[in-house]
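A.B. asks: Handing over target-v1.cif, mmCIF, C-alpha atoms.
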```cif
data_my_file
loop_
_atom_site.label_atom_id
_atom_site.label_comp_id
_atom_site.auth_asym_id
_atom_site.auth_seq_id
_atom_site.Cartn_x
_atom_site.Cartn_y
_atom_site.Cartn_z
CA MET A 1 171.78 90.83 132.72
CA TYR A 2 175.45 91.75 133.02
CA LEU A 3 177.55 94.91 133.31
CA GLU A 4 179.85 95.90 130.44
CA THR A 5 182.43 98.67 130.91
CA GLY A 6 185.08 100.36 128.80
CA ARG A 7 187.69 103.09 129.25
CA PRO A 8 186.17 104.02 126.85
CA MET A 9 184.21 101.46 124.84
CA ARG A 10 185.98 100.19 121.73
CA GLY A 11 185.09 98.38 118.53
CA ALA A 12 181.79 96.49 118.46
CA ALA A 13 180.95 97.56 122.03
CA ARG A 14 181.16 101.22 121.06
CA THR A 15 179.11 100.62 117.90
CA ARG A 16 176.40 98.95 119.99
CA LEU A 17 176.51 101.76 122.55
CA ARG A 18 176.26 104.42 119.85
CA ALA A 19 173.26 102.67 118.27
CA PHE A 20 171.48 102.36 121.63
CA LEU A 21 171.96 106.04 122.40
CA GLN A 22 170.62 106.99 118.98
CA SER A 23 167.53 104.87 119.61
CA CYS A 24 167.00 106.96 122.76
CA GLY A 25 167.37 110.25 120.87
CA LEU A 26 170.93 110.89 122.10
CA ASP A 27 174.35 111.13 120.47
CA TYR A 28 177.50 109.40 121.64
CA ASP A 29 179.93 111.94 123.13
CA GLU A 30 183.46 111.37 121.85
CA GLY A 31 184.89 113.01 124.96
CA VAL A 32 183.86 110.28 127.41
CA SER A 33 186.66 108.28 129.02
CA PHE A 34 184.57 105.62 130.78
CA SER A 35 181.26 103.99 129.91
CA ALA A 36 179.13 101.45 131.72
CA ALA A 37 176.24 99.56 130.14
CA LEU A 38 173.78 96.96 131.38
CA VAL A 39 173.31 94.27 128.75
CA GLU A 40 170.55 91.67 128.54
CA ASP A 41 170.13 89.08 125.79
CA GLY A 42 172.86 90.79 123.81
CA SER A 43 171.20 94.22 123.87
CA ILE A 44 171.97 97.31 125.96
CA ILE A 45 169.10 98.28 128.24
CA ALA A 46 170.79 101.15 130.11
CA THR A 47 174.04 103.11 129.96
CA ALA A 48 175.95 106.02 131.48
CA SER A 49 179.38 107.53 130.82
CA LEU A 50 181.96 109.75 132.47
CA ASP A 51 184.06 112.61 131.07
CA GLY A 52 186.36 113.92 133.80
CA GLN A 53 183.94 114.81 136.57
CA THR A 54 180.93 115.13 134.26
CA VAL A 55 178.31 112.40 133.86
CA LYS A 56 177.20 112.06 130.24
CA CYS A 57 175.16 109.89 127.90
CA VAL A 58 172.70 108.54 130.50
CA ALA A 59 169.95 106.50 128.85
CA VAL A 60 167.54 103.72 129.85
CA ASP A 61 165.38 101.62 127.55
CA PRO A 62 161.86 103.13 127.88
CA GLU A 63 160.41 99.68 128.60
CA ARG A 64 162.82 99.16 131.52
CA ARG A 65 162.40 102.44 133.34
CA GLY A 66 161.48 102.21 137.00
CA GLU A 67 163.89 99.30 137.63
CA ASP A 68 166.65 101.40 139.24
CA LEU A 69 169.00 100.60 136.38
CA CYS A 70 170.28 104.18 136.26
CA ALA A 71 171.14 104.09 139.97
CA ARG A 72 173.24 100.96 139.45
CA LEU A 73 175.14 102.60 136.61
CA LEU A 74 175.80 105.75 138.60
CA THR A 75 177.28 103.59 141.35
CA GLU A 76 179.74 102.26 138.78
CA LEU A 77 180.56 105.78 137.61
CA ARG A 78 181.14 106.97 141.17
CA ARG A 79 183.45 104.02 141.81
CA GLU A 80 185.44 104.78 138.66
CA ALA A 81 185.58 108.49 139.49
CA PHE A 82 186.80 107.77 143.03
CA ASP A 83 189.58 105.54 141.65
CA ARG A 84 190.65 108.53 139.54
CA GLY A 85 190.64 110.87 142.54
CA VAL A 86 187.37 112.54 141.56
CA THR A 87 184.86 112.92 144.39
CA HIS A 88 182.52 115.55 142.95
CA LEU A 89 180.34 114.77 139.93
CA MET A 90 178.48 117.18 137.66
CA LEU A 91 175.60 116.43 135.33
CA PHE A 92 174.01 118.28 132.41
CA THR A 93 170.53 117.09 131.49
CA LYS A 94 167.12 118.15 130.23
CA PRO A 95 165.07 120.09 132.82
CA GLU A 96 162.36 117.40 132.78
CA ASN A 97 164.88 114.94 134.30
CA ASP A 98 165.25 117.00 137.48
CA ALA A 99 163.18 114.70 139.73
CA LEU A 100 164.85 111.55 138.38
CA PHE A 101 168.36 112.69 139.21
CA ARG A 102 167.35 114.23 142.52
CA GLN A 103 166.37 110.71 143.59
CA MET A 104 169.94 109.65 142.80
CA GLY A 105 171.57 112.28 144.96
CA PHE A 106 172.04 115.15 142.51
CA HIS A 107 171.19 118.76 143.32
CA ARG A 108 170.22 121.67 141.08
CA VAL A 109 172.92 124.25 140.35
CA ALA A 110 171.38 126.30 137.53
CA GLN A 111 168.78 125.94 134.81
CA SER A 112 168.11 127.68 131.52
CA GLY A 113 165.14 126.92 129.32
CA ASP A 114 166.84 123.96 127.62
CA CYS A 115 169.42 122.66 130.09
CA LEU A 116 169.80 121.82 133.76
CA LEU A 117 173.15 121.65 135.55
CA MET A 118 173.28 119.43 138.64
CA GLU A 119 175.94 118.21 141.08
CA ASP A 120 176.09 115.33 143.54
CA ARG A 121 177.15 117.55 146.42
CA PRO A 122 174.53 119.45 148.46
CA ASN A 123 175.30 123.17 148.59
CA GLY A 124 178.44 122.59 146.53
CA LEU A 125 178.27 125.97 144.82
CA GLU A 126 177.68 127.78 148.11
CA ARG A 127 180.67 126.06 149.69
CA TYR A 128 182.85 126.89 146.69
CA LEU A 129 181.89 130.56 146.84
CA ALA A 130 182.42 130.72 150.61
CA SER A 131 185.93 129.30 150.16
CA LEU A 132 187.08 132.06 147.81
CA PRO A 133 189.38 134.75 149.18
CA GLY A 134 188.18 138.32 148.88
CA PRO A 135 187.66 141.56 150.77
CA ASP A 136 185.84 141.43 154.07
CA ALA A 137 183.59 144.21 152.80
CA CYS A 138 183.20 145.72 149.36
CA VAL A 139 181.12 148.86 149.82
CA GLY A 140 181.49 150.08 146.25
CA GLY A 141 180.92 146.73 144.63
CA ALA A 142 183.12 144.19 142.92
CA GLY A 143 183.88 143.26 139.35
CA GLY A 144 184.37 139.90 137.68
CA ILE A 145 186.38 138.48 134.79
CA VAL A 146 186.29 134.92 133.50
CA ALA A 147 189.28 133.89 131.40
CA ASN A 148 191.09 130.83 130.11
CA CYS A 149 194.55 132.48 129.97
CA SER A 150 196.07 129.82 127.77
CA PRO A 151 198.65 131.21 128.33
CA PHE A 152 198.56 134.46 130.32
CA THR A 153 199.54 137.43 128.12
CA LEU A 154 200.03 141.16 128.51
CA GLY A 155 196.63 141.44 126.85
CA HIS A 156 195.12 139.71 129.88
CA ARG A 157 197.15 141.95 132.17
CA HIS A 158 195.83 145.05 130.38
CA LEU A 159 192.22 143.90 130.75
CA ILE A 160 192.67 143.01 134.43
CA GLU A 161 194.59 146.14 135.40
CA THR A 162 192.06 148.40 133.63
CA ALA A 163 189.13 146.62 135.27
CA ALA A 164 190.74 146.65 138.71
CA ALA A 165 191.08 150.43 138.54
CA ARG A 166 187.31 150.74 138.12
CA CYS A 167 186.10 148.78 141.16
CA ASP A 168 186.93 148.12 144.80
CA ALA A 169 187.68 144.46 144.21
CA LEU A 170 188.05 142.31 141.11
CA HIS A 171 187.43 138.55 141.03
CA LEU A 172 189.37 136.82 138.26
CA PHE A 173 188.17 133.30 137.52
CA ILE A 174 190.57 131.06 135.60
CA LEU A 175 188.79 128.17 133.89
CA SER A 176 189.63 124.89 135.60
CA GLU A 177 188.92 122.64 132.62
CA ASN A 178 191.76 120.34 131.64
CA HIS A 179 191.48 120.93 127.90
CA GLY A 180 194.12 122.60 125.77
CA PRO A 181 197.92 122.74 125.76
CA PHE A 182 198.46 124.17 129.25
CA PRO A 183 197.33 122.43 132.49
CA PRO A 184 194.82 124.35 134.63
CA GLU A 185 197.15 124.48 137.62
CA GLU A 186 199.83 126.20 135.50
CA ARG A 187 197.38 128.69 134.00
CA LEU A 188 196.17 129.53 137.51
CA ARG A 189 199.72 129.88 138.84
CA LEU A 190 200.78 132.20 136.02
CA ALA A 191 197.70 134.38 136.49
CA ARG A 192 198.41 134.71 140.20
CA GLU A 193 202.07 135.57 139.63
CA ALA A 194 201.27 138.09 136.90
CA CYS A 195 198.67 139.85 139.08
CA ALA A 196 200.47 139.66 142.43
CA ASP A 197 201.07 143.41 142.53
CA LEU A 198 197.38 144.25 142.00
CA LYS A 199 196.22 144.21 145.60
CA ASN A 200 192.48 144.34 144.87
CA VAL A 201 192.56 141.43 142.40
CA TYR A 202 191.58 137.98 143.69
CA VAL A 203 192.44 135.08 141.39
CA HIS A 204 190.31 131.93 141.68
CA PRO A 205 190.01 128.58 139.95
CA SER A 206 186.56 128.42 138.38
CA GLY A 207 185.96 124.87 139.53
CA PRO A 208 183.05 123.30 137.62
CA TYR A 209 180.92 126.44 137.91
CA MET A 210 181.82 128.26 134.69
CA VAL A 211 180.20 126.46 131.76
CA SER A 212 182.83 126.55 129.03
CA SER A 213 182.47 125.44 125.43
CA ALA A 214 185.10 122.75 126.05
CA THR A 215 183.09 121.01 128.79
CA PHE A 216 179.48 121.64 127.78
CA PRO A 217 177.93 118.44 126.32
CA GLU A 218 175.75 118.45 123.23
CA TYR A 219 174.74 114.79 123.10
CA PHE A 220 171.16 115.47 124.24
CA ILE A 221 170.58 118.56 122.08
CA ARG A 222 169.14 117.58 118.73
CA ASP A 223 169.51 120.94 117.00
CA LYS A 224 173.30 121.31 116.99
CA ALA A 225 173.06 124.87 115.65
CA ARG A 226 171.61 125.86 119.04
CA VAL A 227 174.29 124.25 121.21
CA GLU A 228 176.45 127.33 121.72
CA GLY A 229 173.46 129.55 122.50
CA ILE A 230 172.13 127.06 125.05
CA ARG A 231 175.58 126.81 126.64
CA CYS A 232 175.88 130.59 126.85
CA ASP A 233 172.42 131.01 128.36
CA LEU A 234 173.16 128.47 131.11
CA ASP A 235 176.56 130.00 131.88
CA VAL A 236 175.18 133.56 132.00
CA ARG A 237 172.30 132.52 134.25
CA LEU A 238 174.61 130.68 136.64
CA PHE A 239 176.90 133.69 136.91
CA GLY A 240 174.12 136.27 137.21
CA GLU A 241 171.74 134.33 139.43
CA ARG A 242 174.14 132.60 141.82
CA ILE A 243 177.76 133.78 141.62
CA ALA A 244 177.43 137.55 141.23
CA PRO A 245 175.10 138.10 144.23
CA ALA A 246 177.26 135.97 146.52
CA LEU A 247 180.38 138.04 145.73
CA ASN A 248 178.67 141.42 145.31
CA ILE A 249 179.77 141.51 141.66
CA GLN A 250 178.19 144.47 139.89
CA TRP A 251 180.34 144.56 136.76
CA ARG A 252 181.49 141.83 134.38
CA PHE A 253 184.50 142.95 132.34
CA VAL A 254 185.29 141.57 128.89
CA GLY A 255 187.79 142.50 126.19
CA THR A 256 186.69 143.54 122.74
CA GLU A 257 186.86 140.53 120.42
CA PRO A 258 187.99 141.27 116.86
CA LEU A 259 189.20 137.73 116.15
CA CYS A 260 186.71 135.11 117.40
CA PRO A 261 183.04 135.30 116.31
CA VAL A 262 182.03 132.73 118.95
CA THR A 263 183.46 134.85 121.78
CA ASN A 264 181.96 137.95 120.21
CA ALA A 265 178.51 136.33 120.20
CA TYR A 266 178.97 135.24 123.80
CA ASN A 267 179.87 138.79 124.85
CA ALA A 268 176.73 140.03 123.11
CA ARG A 269 174.68 137.54 125.15
CA LEU A 270 176.37 138.72 128.34
CA LYS A 271 175.46 142.34 127.54
CA ALA A 272 171.87 141.41 126.78
CA GLN A 273 171.21 139.16 129.78
CA LEU A 274 173.40 140.00 132.78
CA PRO A 275 171.69 143.35 133.52
CA THR A 276 168.64 141.23 134.46
CA TRP A 277 170.53 140.38 137.65
CA GLY A 278 171.96 143.85 138.17
CA VAL A 279 175.34 143.12 136.57
CA GLN A 280 176.59 145.59 133.97
CA VAL A 281 178.90 144.37 131.23
CA VAL A 282 181.89 146.62 130.50
CA GLU A 283 183.88 146.10 127.29
CA ILE A 284 187.53 147.13 127.40
CA SER A 285 189.54 147.69 124.22
CA ARG A 286 192.12 145.00 123.53
CA LEU A 287 195.81 145.76 123.88
CA GLU A 288 197.57 145.82 120.50
CA LEU A 289 201.19 145.45 119.46
CA ASP A 290 202.42 146.03 115.91
CA GLY A 291 198.86 146.59 114.75
CA ALA A 292 197.48 143.26 116.01
CA PRO A 293 195.76 142.26 119.27
CA VAL A 294 197.94 140.70 121.94
CA SER A 295 196.17 137.36 122.27
CA ALA A 296 196.81 133.89 123.65
CA SER A 297 196.21 132.42 120.20
CA ARG A 298 198.97 134.64 118.78
CA VAL A 299 201.36 133.44 121.49
CA ARG A 300 200.44 129.79 120.90
CA ALA A 301 201.11 130.14 117.18
CA LEU A 302 204.54 131.64 117.84
CA LEU A 303 205.29 128.91 120.38
CA ASP A 304 204.37 126.18 117.89
CA ALA A 305 206.68 127.83 115.36
CA GLY A 306 209.52 127.94 117.89
CA ARG A 307 209.73 131.75 117.71
CA LEU A 308 210.31 132.41 121.42
CA ALA A 309 212.00 135.79 120.91
CA GLU A 310 208.81 137.15 119.34
CA ILE A 311 206.77 135.97 122.32
CA LYS A 312 208.74 137.96 124.89
CA PRO A 313 207.06 141.37 124.16
CA LEU A 314 203.60 139.75 124.39
CA VAL A 315 203.71 138.13 127.82
CA PRO A 316 204.78 138.80 131.43
CA GLU A 317 208.15 137.46 132.48
CA CYS A 318 206.62 134.55 134.41
CA THR A 319 204.80 133.35 131.28
CA TYR A 320 207.93 133.74 129.15
CA GLN A 321 209.98 131.68 131.59
CA TYR A 322 207.31 128.97 131.67
CA LEU A 323 207.05 128.78 127.87
CA SER A 324 210.82 128.77 127.55
CA SER A 325 211.01 125.81 129.93
CA LEU A 326 208.66 123.86 127.66
CA LYS A 327 211.08 124.27 124.75
CA SER A 328 214.26 123.56 126.68
#
```
For the file at hand, write its structure as structure tokens.
C.D. replies:
Amino acid sequence: MYLETGRPMRGAARTRLRAFLQSCGLDYDEGVSFSAALVEDGSIIATASLDGQTVKCVAVDPERRGEDLCARLLTELRREAFDRGVTHLMLFTKPENDALFRQMGFHRVAQSGDCLLMEDRPNGLERYLASLPGPDACVGGAGGIVANCSPFTLGHRHLIETAAARCDALHLFILSENHGPFPPEERLRLAREACADLKNVYVHPSGPYMVSSATFPEYFIRDKARVEGIRCDLDVRLFGERIAPALNIQWRFVGTEPLCPVTNAYNARLKAQLPTWGVQVVEISRLELDGAPVSASRVRALLDAGRLAEIKPLVPECTYQYLSSLKS
């Protein structure tokens, strides 16, 4: 038996890995950046992969289970992650794998009917929530917004300012995923600058605790038509069951969504499910300019076309300066 690794696997090694995963009822995830496989007599008997801080594509030959092969692979993934400066791993898996991954040092974060989210840090979510700035007391209750802000627009500002006027404190979570044209640290910085005058708004990085469509894996879900619904259910449960109570969040604010059917469906799920945990969903009408919504996608399209002058009325000054610097 020997260990085979790739950053990621290429050529024949990837073909073999893909075939092994399919034999285990899994799909290869194109997003992985590192894979490790144990090979014996020319055949893979166990494998695991890494995408950022997320463990993916874990599989062991059914005839070789109980040999601690998965633990050896996870050691390799942790070593690779540490070399990349990543010390906190997340894992999406089927709920029936809970006990298996607990034995390997993972802890439950949230579970929906079809998916379990785990992390390799005990009380990681609790420590994240305790680290967030906020009011010492929020008698009237707090609100919450989750946004990508890619980039931050006056549409975001309208949503945030309107929401902030309706509650004692507003927690704005900016997605920390490193997917898309703008780095997460820049999106967070722009949101903080654009909201600096709103004294009851607290801007936070989401960390790994907001389950976005860009990071949610689908390799273990056979019915691909259900992927988005499963992702939404897990994200809503995590927010309602764990995050909202810790921060006294009683309202989740969203903007009306005339452009994206996926976001519209997600908002519908929020409205249907969050009241289960005592969180009311409030929809706020989108800001419009020249008869069209002020959206990040509109700004990105103008940026790609080099039409900076048309961007200026759509974004705060800090965003405009940032976007201008990208074109200089």
A.B. asks: Between A:Ser325, A:Gln111, A:Ser35, A:Thr15, which one has atoms that come closest to A:Asp51, using only C-alpha atoms?
C.D. replies: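 Answer, going by the shortest atom-to-atom distance: A:Ser35.
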A.B. asks: Pick from A:Ser43, A:Gly155, A:Val146, A:Gly6: nearest to A:Asp235, with all atoms listed in the file counted?
C.D. replies: A:Val146
A.B. asks: What does the distance from atom CA of A:Ala169 to atom CA of A:Tyr202 come to in Å, to one decimal?
C.D. replies: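 Computed distance, atom CA of A:Ala169 to atom CA of A:Tyr202, equals 7.6 Å.
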A.B. asks: From the options A:Ile249, A:Leu3, A:Ala165, A:Ala12, which residue's atoms come nearest to A:Ala37, counting all atoms listed in the file?
C.D. replies: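 Among the listed residues, A:Leu3 lies closest to A:Ala37.
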A.B. asks: Give as a count of residues only the residues that the PyMOL selection byres ((chain A and resi 26) around 10) matches when applied to the coordinates above.
C.D. replies: 19
A.B. asks: Quick one: residues within 12 Å of A:Thr276, all atoms listed in the file counted, chain neighbours fewer than 3 positions away excluded, as a tab-separated table (two decimals) with C-alpha atoms, keeping the file's coordinate frame?
C.D. replies:
```tsv
chain	number	residue	atom	x	y	z
A	236	VAL	CA	175.18	133.56	132.00
A	237	ARG	CA	172.30	132.52	134.25
A	239	PHE	CA	176.90	133.69	136.91
A	240	GLY	CA	174.12	136.27	137.21
A	241	GLU	CA	171.74	134.33	139.43
A	244	ALA	CA	177.43	137.55	141.23
A	250	GLN	CA	178.19	144.47	139.89
A	269	ARG	CA	174.68	137.54	125.15
A	270	LEU	CA	176.37	138.72	128.34
A	271	LYS	CA	175.46	142.34	127.54
A	272	ALA	CA	171.87	141.41	126.78
A	273	GLN	CA	171.21	139.16	129.78
A	279	VAL	CA	175.34	143.12	136.57
A	280	GLN	CA	176.59	145.59	133.97
A	281	VAL	CA	178.90	144.37	131.23
```
A.B. asks: So for stretch 296-313 of chain A, what box centre and size do we get, axis-aligned, 8 Å extra on each of the six sides, every listed atom, Å to one decimal, as lines of an AutoDock Vina configuration file?
C.D. replies:
```
center_x = 204.1
center_y = 133.8
center_z = 120.1
size_x = 31.8
size_y = 31.2
size_z = 25.5
```
